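Worksheet: one structure, shown below.
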Amino acid sequence: MARRVYKSNTNTDHVMSSSQSIHETVEGSHEYKIEGYSLAKGMGVGKYMSSGKFTVGGHVWAVLFNPDANTEDSKDYVSVYLELVNPAEQEVRALYEFSLLDQSGKNKYGVHVSPTTPTTFKTESPIWGCTEFMERSDFETSSYLKDDCLTIHYMSQNLKGLLESGIGSDITVVVLRLR
């Protein structure tokens, strides 16, 4: 912390200090291809299949997919989640996005789902995502499922953009001490 003392015209000292927090911005992505969707369908509510593990920002992650949703209340949907595989290390804040590859030949992604604020992954809650990612009947008749295959694209969001926007990222505290 830096400390400076300034003399004022009223013979009082003005003490000013400053500090800085720097947050690293890390981006990454992972594609999880599932072949044989029809064989996975019916695995049961609350059960999921997992992508291979991958690393973004020095942390190990996995994408989880449940063709039968995570809860009875959402059983008509497919669910997608992001898991911090080793949450005991530390809390991790992340912005993320899931999308599905449109397999109609355009190689575009659709059905984007992402939280609007960073999510905190920790030991008590290492898994976050979307319980109602897409209605199963819509998904099964869409161009996202072709030849019994689908591809989920995960992308970590650019936190630098959030910081550069200035929204919720800058705090200035001024304390004046008079003698």
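Just remember, in the structure tokens the first chain shown is A, the second B, etc., residues are 1-based per chain, and ligands are 1-based in the order shown.
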
Contacts between stretch 135-151 of chain A and stretch 19-65 of chain A, please, where a residue of stretch 19-65 of chain A counts if it comes within 7 Å (with only C-alpha atoms); show its shortest atom pair and distance in Å to one decimal, rows by chain and ascending number, as CSV.
```
residue,atom,partner,partner_atom,distance
A:Glu31,CA,A:Thr151,CA,6.6
A:Tyr32,CA,A:Thr151,CA,5.5
A:Lys33,CA,A:Thr151,CA,4.3
A:Ile34,CA,A:Leu150,CA,5.4
A:Glu35,CA,A:Cys149,CA,4.4
A:Gly36,CA,A:Asp148,CA,5.2
A:Tyr37,CA,A:Asp148,CA,5.3
A:Ser38,CA,A:Asp148,CA,6.4
```

With C-alpha atoms retained, could you export that selection as an mmCIF file, in the first residue's frame?
```
data_model
loop_
_atom_site.group_PDB
_atom_site.id
_atom_site.type_symbol
_atom_site.label_atom_id
_atom_site.label_comp_id
_atom_site.auth_asym_id
_atom_site.auth_seq_id
_atom_site.Cartn_x
_atom_site.Cartn_y
_atom_site.Cartn_z
ATOM 1 C CA GLU A 31 -16.503 -29.022 -27.196
ATOM 2 C CA TYR A 32 -18.244 -32.090 -25.876
ATOM 3 C CA LYS A 33 -19.556 -34.408 -28.604
ATOM 4 C CA ILE A 34 -22.086 -37.049 -27.629
ATOM 5 C CA GLU A 35 -22.669 -39.909 -30.049
ATOM 6 C CA GLY A 36 -25.572 -42.275 -29.436
ATOM 7 C CA TYR A 37 -27.969 -39.844 -27.765
ATOM 8 C CA SER A 38 -30.845 -42.344 -28.056
#
```

Distance query A:Tyr77 at most 12 Å, only C-alpha atoms, self and fewer than 3 positions along chain excluded, as a ChimeraX atom specification: /A:41,45-46,65-74,80,130-140

DSSP strand (DSSP E) residues within stretch 3-164 of chain A, as a PyMOL selection string: chain A and resi 3-7+13-18+29-35+49-50+54-56+59-66+77-84+92-94+96-102+108-113+119-121+127-135+149-156

Which of stretch 116-164 of chain A DSSP labels helix (DSSP H, G or I), written as number ranges by chain: A: 136-140, 159-164

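Counting only C-alpha atoms, the residue from A:Arg93, A:Ser156, A:Met43, A:Gln20 that sits nearest to A:Thr119 is A:Arg93.
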
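Note that the spacing between atom CA of A:Asn107 and atom CA of A:His153 amounts to 11.8 Å.
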
Which residue of A:Ile152, A:Ala40, A:Met49, A:Val63 approaches A:Gly110 most closely, using only C-alpha atoms: A:Ile152

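For the pair atom CA of A:Gly28 and atom CA of A:Ala94, the interatomic distance is 11.2 Å.
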